[in-house]
Amino acid sequence: MSEVINLRKGDKVAVGFTNITVGLGWEPNEGTGGTFDLDVSAIMIDEKRKMLNKDYFVFYGNLNSPDGALTHTGDDPDGSSSDGDDDESIIIDITKVNPNVQEILFVVTIDGAADKKQNFGQVRDSYIRLIDNNTGKEVMKYELGEDFSIETGIEFGRLYRRNNEWKFDASGVGYQEDLAFFLSKYFTGTIQK
């Protein structure tokens, strides 16, 4: 039985399987008050680091990519349905990814962060993990150990294509931004939420 690869920020690892669940989880710190609605999104971009079109933004308002490669399992508005397991997941069939897509970014944002005065400093046990759906086993996991005390949006990781091979990068880049920031960075146009 193989061990889970525990990734550190900046680690890049080849992904040797094609049917993947990307699971993300978190817990609000005790006593922070209110509910935290963290949203997982996948942004599929080309070699120019732009989305092919708006349908390649997979989130709670668009659960499936047009190439049939990504399926978002749905929004968990308060993190209560997970009971210590993944809060939100995206299922990926690498073999179906549009050949023009070179990267799939996985971002987590806090819905209504500014109004609720919330940030990732109030969240603990955040992670992203890759599961091989053929075996049901967790293969790699990146735990966000750093204290993102002021950030409201984080690029947790990315799958990217290099020389016909897919790799995973534990990027862990935080921003004081919301989902609109990520959309404006990778897409020209508007998306209805």
# chains A, B, ... in the order shown; residues from 1 in each chain; ligands from 1
call {"tool": "residues_around", "arguments": {"residues": "A:Phe106", "least_positions_apart": "2", "cutoff": "7 Å", "atoms": "only C-alpha atoms", "output": "list in words"}}
result
Val40, Ser41, Ala42, Ile43, Ile104, Val108, Glu155, Phe156, Gly157 and Arg158 of chain A
call {"tool": "select_by_dssp", "arguments": {"residues": "stretch 35-130 of chain A", "states": "helix (DSSP H, G or I)", "output": "list of chain:residue names"}}
result
A:Lys54, A:Asp55, A:Tyr56, A:Ile94, A:Thr95, A:Lys96, A:Ala113, A:Ala114, A:Asp115, A:Lys116, A:Phe120, A:Gly121, A:Gln122
call {"tool": "write_last_selection", "arguments": {"atoms": "N, CA, C and O atoms", "output": "mmCIF file, in the first residue's frame"}}
result
data_model
loop_
_atom_site.group_PDB
_atom_site.id
_atom_site.type_symbol
_atom_site.label_atom_id
_atom_site.label_comp_id
_atom_site.auth_asym_id
_atom_site.auth_seq_id
_atom_site.Cartn_x
_atom_site.Cartn_y
_atom_site.Cartn_z
ATOM 1 N N LYS A 54 -16.607 31.444 -20.724
ATOM 2 C CA LYS A 54 -17.149 31.495 -19.360
ATOM 3 C C LYS A 54 -17.544 30.131 -18.817
ATOM 4 O O LYS A 54 -17.562 29.923 -17.599
ATOM 5 N N ASP A 55 -17.844 29.183 -19.690
ATOM 6 C CA ASP A 55 -18.261 27.862 -19.226
ATOM 7 C C ASP A 55 -17.097 27.030 -18.685
ATOM 8 O O ASP A 55 -17.311 25.957 -18.114
ATOM 9 N N TYR A 56 -15.874 27.514 -18.858
ATOM 10 C CA TYR A 56 -14.707 26.821 -18.303
ATOM 11 C C TYR A 56 -14.369 27.331 -16.891
ATOM 12 O O TYR A 56 -13.306 27.078 -16.370
ATOM 13 N N ILE A 94 -9.233 13.477 -16.461
ATOM 14 C CA ILE A 94 -8.150 14.144 -17.207
ATOM 15 C C ILE A 94 -8.217 13.835 -18.705
ATOM 16 O O ILE A 94 -7.870 14.673 -19.533
ATOM 17 N N THR A 95 -8.681 12.641 -19.053
ATOM 18 C CA THR A 95 -8.705 12.241 -20.469
ATOM 19 C C THR A 95 -9.688 13.079 -21.287
ATOM 20 O O THR A 95 -9.601 13.106 -22.511
ATOM 21 N N LYS A 96 -10.630 13.758 -20.629
ATOM 22 C CA LYS A 96 -11.632 14.542 -21.351
ATOM 23 C C LYS A 96 -11.313 16.035 -21.415
ATOM 24 O O LYS A 96 -12.028 16.798 -22.043
ATOM 25 N N ALA A 113 -17.181 37.843 2.460
ATOM 26 C CA ALA A 113 -16.105 38.062 3.442
ATOM 27 C C ALA A 113 -16.052 39.503 3.941
ATOM 28 O O ALA A 113 -15.893 39.746 5.138
ATOM 29 N N ALA A 114 -16.195 40.467 3.037
ATOM 30 C CA ALA A 114 -16.097 41.873 3.431
ATOM 31 C C ALA A 114 -17.246 42.249 4.363
ATOM 32 O O ALA A 114 -17.035 42.878 5.410
ATOM 33 N N ASP A 115 -18.474 41.858 3.996
ATOM 34 C CA ASP A 115 -19.635 42.190 4.820
ATOM 35 C C ASP A 115 -19.574 41.518 6.186
ATOM 36 O O ASP A 115 -19.934 42.107 7.203
ATOM 37 N N LYS A 116 -19.104 40.273 6.214
ATOM 38 C CA LYS A 116 -19.056 39.517 7.475
ATOM 39 C C LYS A 116 -17.746 39.721 8.234
ATOM 40 O O LYS A 116 -17.572 39.173 9.312
ATOM 41 N N PHE A 120 -9.244 34.094 6.126
ATOM 42 C CA PHE A 120 -8.739 32.737 6.330
ATOM 43 C C PHE A 120 -8.006 32.570 7.661
ATOM 44 O O PHE A 120 -7.742 31.449 8.070
ATOM 45 N N GLY A 121 -7.720 33.667 8.359
ATOM 46 C CA GLY A 121 -7.159 33.559 9.694
ATOM 47 C C GLY A 121 -8.158 32.976 10.685
ATOM 48 O O GLY A 121 -7.786 32.508 11.759
ATOM 49 N N GLN A 122 -9.444 33.006 10.313
ATOM 50 C CA GLN A 122 -10.504 32.476 11.169
ATOM 51 C C GLN A 122 -10.895 31.055 10.777
ATOM 52 O O GLN A 122 -11.887 30.522 11.259
#
call {"tool": "atom_distance", "arguments": {"atom1": "atom CA of A:Asn62", "atom2": "atom CA of A:Ile92"}}
result
14.6 Å
call {"tool": "atom_distance", "arguments": {"atom1": "atom CA of A:Ala170", "atom2": "atom CA of A:Ala14"}}
result
11.7 Å
call {"tool": "select_by_dssp", "arguments": {"residues": "stretch 16-187 of chain A", "states": "strand (DSSP E)", "output": "PyMOL selection string"}}
result
chain A and resi 19-28+38-45+57-58+70-72+88-93+103-110+123-132+137-143+153-162+165-169+173-175
call {"tool": "closest_residue", "arguments": {"among": "A:Gln102, A:Thr152, A:Thr18, A:Asn6", "to": "A:Glu47", "atoms": "only C-alpha atoms"}}
result
A:Gln102
call {"tool": "atom_distance", "arguments": {"atom1": "atom CA of A:Asp132", "atom2": "atom CA of A:Asn19"}}
result
6.1 Å
call {"tool": "closest_residue", "arguments": {"among": "A:Lys167, A:Arg129, A:Arg49, A:His72", "to": "A:Leu7", "atoms": "only C-alpha atoms"}}
result
A:Arg129
call {"tool": "decode", "arguments": {"residues": "stretch 5-151 of chain A", "atoms": "C-alpha atoms", "output": "PDB file, in the first residue's frame"}}
result
ATOM      1  CA  ILE A   5       2.266  12.261  -0.456  1.00  0.00           C
ATOM      2  CA  ASN A   6       2.116  15.210   1.967  1.00  0.00           C
ATOM      3  CA  LEU A   7       2.918  18.279  -0.068  1.00  0.00           C
ATOM      4  CA  ARG A   8       4.514  21.511   1.027  1.00  0.00           C
ATOM      5  CA  LYS A   9       3.891  24.878  -0.594  1.00  0.00           C
ATOM      6  CA  GLY A  10       5.584  24.965  -4.000  1.00  0.00           C
ATOM      7  CA  ASP A  11       5.858  21.179  -4.394  1.00  0.00           C
ATOM      8  CA  LYS A  12       5.154  19.944  -7.918  1.00  0.00           C
ATOM      9  CA  VAL A  13       4.277  16.265  -8.358  1.00  0.00           C
ATOM     10  CA  ALA A  14       3.390  14.214 -11.435  1.00  0.00           C
ATOM     11  CA  VAL A  15      -0.174  12.904 -11.380  1.00  0.00           C
ATOM     12  CA  GLY A  16      -0.086   9.334 -12.637  1.00  0.00           C
ATOM     13  CA  PHE A  17      -3.845   8.710 -12.644  1.00  0.00           C
ATOM     14  CA  THR A  18      -6.640  10.160 -14.757  1.00  0.00           C
ATOM     15  CA  ASN A  19      -9.854   9.827 -12.724  1.00  0.00           C
ATOM     16  CA  ILE A  20      -9.449  12.275  -9.854  1.00  0.00           C
ATOM     17  CA  THR A  21     -11.477  13.808  -7.066  1.00  0.00           C
ATOM     18  CA  VAL A  22     -10.055  17.080  -5.812  1.00  0.00           C
ATOM     19  CA  GLY A  23     -11.442  17.497  -2.308  1.00  0.00           C
ATOM     20  CA  LEU A  24     -11.137  20.615  -0.177  1.00  0.00           C
ATOM     21  CA  GLY A  25     -11.914  20.933   3.500  1.00  0.00           C
ATOM     22  CA  TRP A  26     -11.802  23.432   6.343  1.00  0.00           C
ATOM     23  CA  GLU A  27     -13.191  24.170   9.802  1.00  0.00           C
ATOM     24  CA  PRO A  28     -14.079  27.584  11.250  1.00  0.00           C
ATOM     25  CA  ASN A  29     -12.162  28.465  14.413  1.00  0.00           C
ATOM     26  CA  GLU A  30     -14.221  28.125  17.572  1.00  0.00           C
ATOM     27  CA  GLY A  31     -15.861  31.339  18.739  1.00  0.00           C
ATOM     28  CA  THR A  32     -15.516  33.229  15.455  1.00  0.00           C
ATOM     29  CA  GLY A  33     -19.289  33.641  15.253  1.00  0.00           C
ATOM     30  CA  GLY A  34     -21.500  33.387  12.197  1.00  0.00           C
ATOM     31  CA  THR A  35     -21.263  30.783   9.478  1.00  0.00           C
ATOM     32  CA  PHE A  36     -18.462  30.602   6.939  1.00  0.00           C
ATOM     33  CA  ASP A  37     -19.436  29.964   3.329  1.00  0.00           C
ATOM     34  CA  LEU A  38     -16.255  28.940   1.556  1.00  0.00           C
ATOM     35  CA  ASP A  39     -16.641  28.296  -2.152  1.00  0.00           C
ATOM     36  CA  VAL A  40     -14.435  26.072  -4.290  1.00  0.00           C
ATOM     37  CA  SER A  41     -14.013  26.998  -7.941  1.00  0.00           C
ATOM     38  CA  ALA A  42     -11.970  25.570 -10.808  1.00  0.00           C
ATOM     39  CA  ILE A  43     -10.694  27.897 -13.505  1.00  0.00           C
ATOM     40  CA  MET A  44      -9.611  26.177 -16.726  1.00  0.00           C
ATOM     41  CA  ILE A  45      -7.107  28.314 -18.653  1.00  0.00           C
ATOM     42  CA  ASP A  46      -5.087  28.104 -21.854  1.00  0.00           C
ATOM     43  CA  GLU A  47      -1.405  28.757 -22.564  1.00  0.00           C
ATOM     44  CA  LYS A  48      -2.078  32.525 -22.406  1.00  0.00           C
ATOM     45  CA  ARG A  49      -3.504  31.995 -18.901  1.00  0.00           C
ATOM     46  CA  LYS A  50      -7.034  32.942 -19.985  1.00  0.00           C
ATOM     47  CA  MET A  51     -10.275  30.967 -19.826  1.00  0.00           C
ATOM     48  CA  LEU A  52     -11.449  29.557 -23.151  1.00  0.00           C
ATOM     49  CA  ASN A  53     -14.929  30.917 -22.402  1.00  0.00           C
ATOM     50  CA  LYS A  54     -17.149  31.495 -19.360  1.00  0.00           C
ATOM     51  CA  ASP A  55     -18.261  27.862 -19.226  1.00  0.00           C
ATOM     52  CA  TYR A  56     -14.707  26.821 -18.303  1.00  0.00           C
ATOM     53  CA  PHE A  57     -15.273  28.424 -14.897  1.00  0.00           C
ATOM     54  CA  VAL A  58     -16.647  25.578 -12.764  1.00  0.00           C
ATOM     55  CA  PHE A  59     -18.309  26.660  -9.503  1.00  0.00           C
ATOM     56  CA  TYR A  60     -21.603  26.369  -7.581  1.00  0.00           C
ATOM     57  CA  GLY A  61     -23.384  28.227 -10.419  1.00  0.00           C
ATOM     58  CA  ASN A  62     -21.908  26.074 -13.238  1.00  0.00           C
ATOM     59  CA  LEU A  63     -21.309  22.519 -12.017  1.00  0.00           C
ATOM     60  CA  ASN A  64     -19.932  21.014 -15.264  1.00  0.00           C
ATOM     61  CA  SER A  65     -17.247  22.039 -17.755  1.00  0.00           C
ATOM     62  CA  PRO A  66     -18.321  21.932 -21.429  1.00  0.00           C
ATOM     63  CA  ASP A  67     -15.734  19.246 -22.266  1.00  0.00           C
ATOM     64  CA  GLY A  68     -17.270  16.913 -19.655  1.00  0.00           C
ATOM     65  CA  ALA A  69     -13.979  16.749 -17.735  1.00  0.00           C
ATOM     66  CA  LEU A  70     -14.961  18.555 -14.510  1.00  0.00           C
ATOM     67  CA  THR A  71     -17.969  18.118 -12.238  1.00  0.00           C
ATOM     68  CA  HIS A  72     -18.453  20.241  -9.122  1.00  0.00           C
ATOM     69  CA  THR A  73     -20.375  18.252  -6.482  1.00  0.00           C
ATOM     70  CA  GLY A  74     -22.243  21.344  -5.255  1.00  0.00           C
ATOM     71  CA  ASP A  75     -22.123  24.147  -2.723  1.00  0.00           C
ATOM     72  CA  ASP A  76     -21.829  23.493   1.014  1.00  0.00           C
ATOM     73  CA  PRO A  77     -22.925  26.930   2.267  1.00  0.00           C
ATOM     74  CA  ASP A  78     -21.808  26.545   5.872  1.00  0.00           C
ATOM     75  CA  GLY A  79     -19.368  23.621   5.942  1.00  0.00           C
ATOM     76  CA  SER A  80     -21.683  21.622   8.199  1.00  0.00           C
ATOM     77  CA  SER A  81     -22.403  18.712   5.872  1.00  0.00           C
ATOM     78  CA  SER A  82     -18.848  17.387   5.839  1.00  0.00           C
ATOM     79  CA  ASP A  83     -18.386  16.246   9.454  1.00  0.00           C
ATOM     80  CA  GLY A  84     -14.594  16.397   9.181  1.00  0.00           C
ATOM     81  CA  ASP A  85     -14.477  15.165   5.597  1.00  0.00           C
ATOM     82  CA  ASP A  86     -14.218  17.192   2.353  1.00  0.00           C
ATOM     83  CA  ASP A  87     -16.486  20.240   2.345  1.00  0.00           C
ATOM     84  CA  GLU A  88     -16.586  20.593  -1.441  1.00  0.00           C
ATOM     85  CA  SER A  89     -15.192  18.447  -4.249  1.00  0.00           C
ATOM     86  CA  ILE A  90     -14.546  18.588  -7.960  1.00  0.00           C
ATOM     87  CA  ILE A  91     -14.389  15.335  -9.929  1.00  0.00           C
ATOM     88  CA  ILE A  92     -12.026  15.330 -12.908  1.00  0.00           C
ATOM     89  CA  ASP A  93     -11.517  13.000 -15.850  1.00  0.00           C
ATOM     90  CA  ILE A  94      -8.150  14.144 -17.207  1.00  0.00           C
ATOM     91  CA  THR A  95      -8.705  12.241 -20.469  1.00  0.00           C
ATOM     92  CA  LYS A  96     -11.632  14.542 -21.351  1.00  0.00           C
ATOM     93  CA  VAL A  97      -9.928  17.902 -20.681  1.00  0.00           C
ATOM     94  CA  ASN A  98     -10.099  20.173 -23.728  1.00  0.00           C
ATOM     95  CA  PRO A  99      -6.653  20.043 -25.421  1.00  0.00           C
ATOM     96  CA  ASN A 100      -6.481  23.861 -25.294  1.00  0.00           C
ATOM     97  CA  VAL A 101      -6.669  23.826 -21.482  1.00  0.00           C
ATOM     98  CA  GLN A 102      -3.157  23.922 -20.021  1.00  0.00           C
ATOM     99  CA  GLU A 103      -3.967  24.588 -16.357  1.00  0.00           C
ATOM    100  CA  ILE A 104      -6.810  24.042 -13.921  1.00  0.00           C
ATOM    101  CA  LEU A 105      -6.625  26.406 -10.943  1.00  0.00           C
ATOM    102  CA  PHE A 106      -8.407  25.538  -7.698  1.00  0.00           C
ATOM    103  CA  VAL A 107      -9.402  28.615  -5.731  1.00  0.00           C
ATOM    104  CA  VAL A 108     -11.311  28.966  -2.485  1.00  0.00           C
ATOM    105  CA  THR A 109     -13.047  32.216  -1.606  1.00  0.00           C
ATOM    106  CA  ILE A 110     -15.123  33.290   1.399  1.00  0.00           C
ATOM    107  CA  ASP A 111     -18.561  34.359   0.228  1.00  0.00           C
ATOM    108  CA  GLY A 112     -19.498  37.736   1.725  1.00  0.00           C
ATOM    109  CA  ALA A 113     -16.105  38.062   3.442  1.00  0.00           C
ATOM    110  CA  ALA A 114     -16.097  41.873   3.431  1.00  0.00           C
ATOM    111  CA  ASP A 115     -19.635  42.190   4.820  1.00  0.00           C
ATOM    112  CA  LYS A 116     -19.056  39.517   7.475  1.00  0.00           C
ATOM    113  CA  LYS A 117     -15.499  40.702   8.226  1.00  0.00           C
ATOM    114  CA  GLN A 118     -14.179  37.175   7.688  1.00  0.00           C
ATOM    115  CA  ASN A 119     -10.792  35.926   6.482  1.00  0.00           C
ATOM    116  CA  PHE A 120      -8.739  32.737   6.330  1.00  0.00           C
ATOM    117  CA  GLY A 121      -7.159  33.559   9.694  1.00  0.00           C
ATOM    118  CA  GLN A 122     -10.504  32.476  11.169  1.00  0.00           C
ATOM    119  CA  VAL A 123     -10.381  29.115   9.402  1.00  0.00           C
ATOM    120  CA  ARG A 124      -8.329  26.074  10.445  1.00  0.00           C
ATOM    121  CA  ASP A 125      -7.451  22.642   9.071  1.00  0.00           C
ATOM    122  CA  SER A 126      -7.683  23.835   5.457  1.00  0.00           C
ATOM    123  CA  TYR A 127      -6.470  21.376   2.841  1.00  0.00           C
ATOM    124  CA  ILE A 128      -6.681  20.236  -0.747  1.00  0.00           C
ATOM    125  CA  ARG A 129      -6.268  16.564  -1.588  1.00  0.00           C
ATOM    126  CA  LEU A 130      -6.263  14.377  -4.682  1.00  0.00           C
ATOM    127  CA  ILE A 131      -8.023  11.015  -4.621  1.00  0.00           C
ATOM    128  CA  ASP A 132      -7.569   8.307  -7.257  1.00  0.00           C
ATOM    129  CA  ASN A 133     -11.189   7.397  -8.028  1.00  0.00           C
ATOM    130  CA  ASN A 134     -10.157   4.000  -9.410  1.00  0.00           C
ATOM    131  CA  THR A 135      -8.843   2.909  -6.003  1.00  0.00           C
ATOM    132  CA  GLY A 136     -10.730   5.327  -3.745  1.00  0.00           C
ATOM    133  CA  LYS A 137      -7.412   6.164  -2.061  1.00  0.00           C
ATOM    134  CA  GLU A 138      -6.048   9.598  -1.201  1.00  0.00           C
ATOM    135  CA  VAL A 139      -2.795  10.011  -3.132  1.00  0.00           C
ATOM    136  CA  MET A 140      -1.607  13.494  -2.224  1.00  0.00           C
ATOM    137  CA  LYS A 141      -2.593  16.188   0.233  1.00  0.00           C
ATOM    138  CA  TYR A 142      -1.553  19.780   0.808  1.00  0.00           C
ATOM    139  CA  GLU A 143      -2.464  21.262   4.182  1.00  0.00           C
ATOM    140  CA  LEU A 144      -2.526  25.027   4.355  1.00  0.00           C
ATOM    141  CA  GLY A 145      -0.347  25.388   7.424  1.00  0.00           C
ATOM    142  CA  GLU A 146       0.475  29.066   6.964  1.00  0.00           C
ATOM    143  CA  ASP A 147      -1.550  31.630   8.825  1.00  0.00           C
ATOM    144  CA  PHE A 148      -3.433  33.535   6.145  1.00  0.00           C
ATOM    145  CA  SER A 149      -4.652  36.145   8.619  1.00  0.00           C
ATOM    146  CA  ILE A 150      -6.025  38.738   6.206  1.00  0.00           C
ATOM    147  CA  GLU A 151      -6.634  36.797   2.982  1.00  0.00           C
TER     148      GLU A 151
END
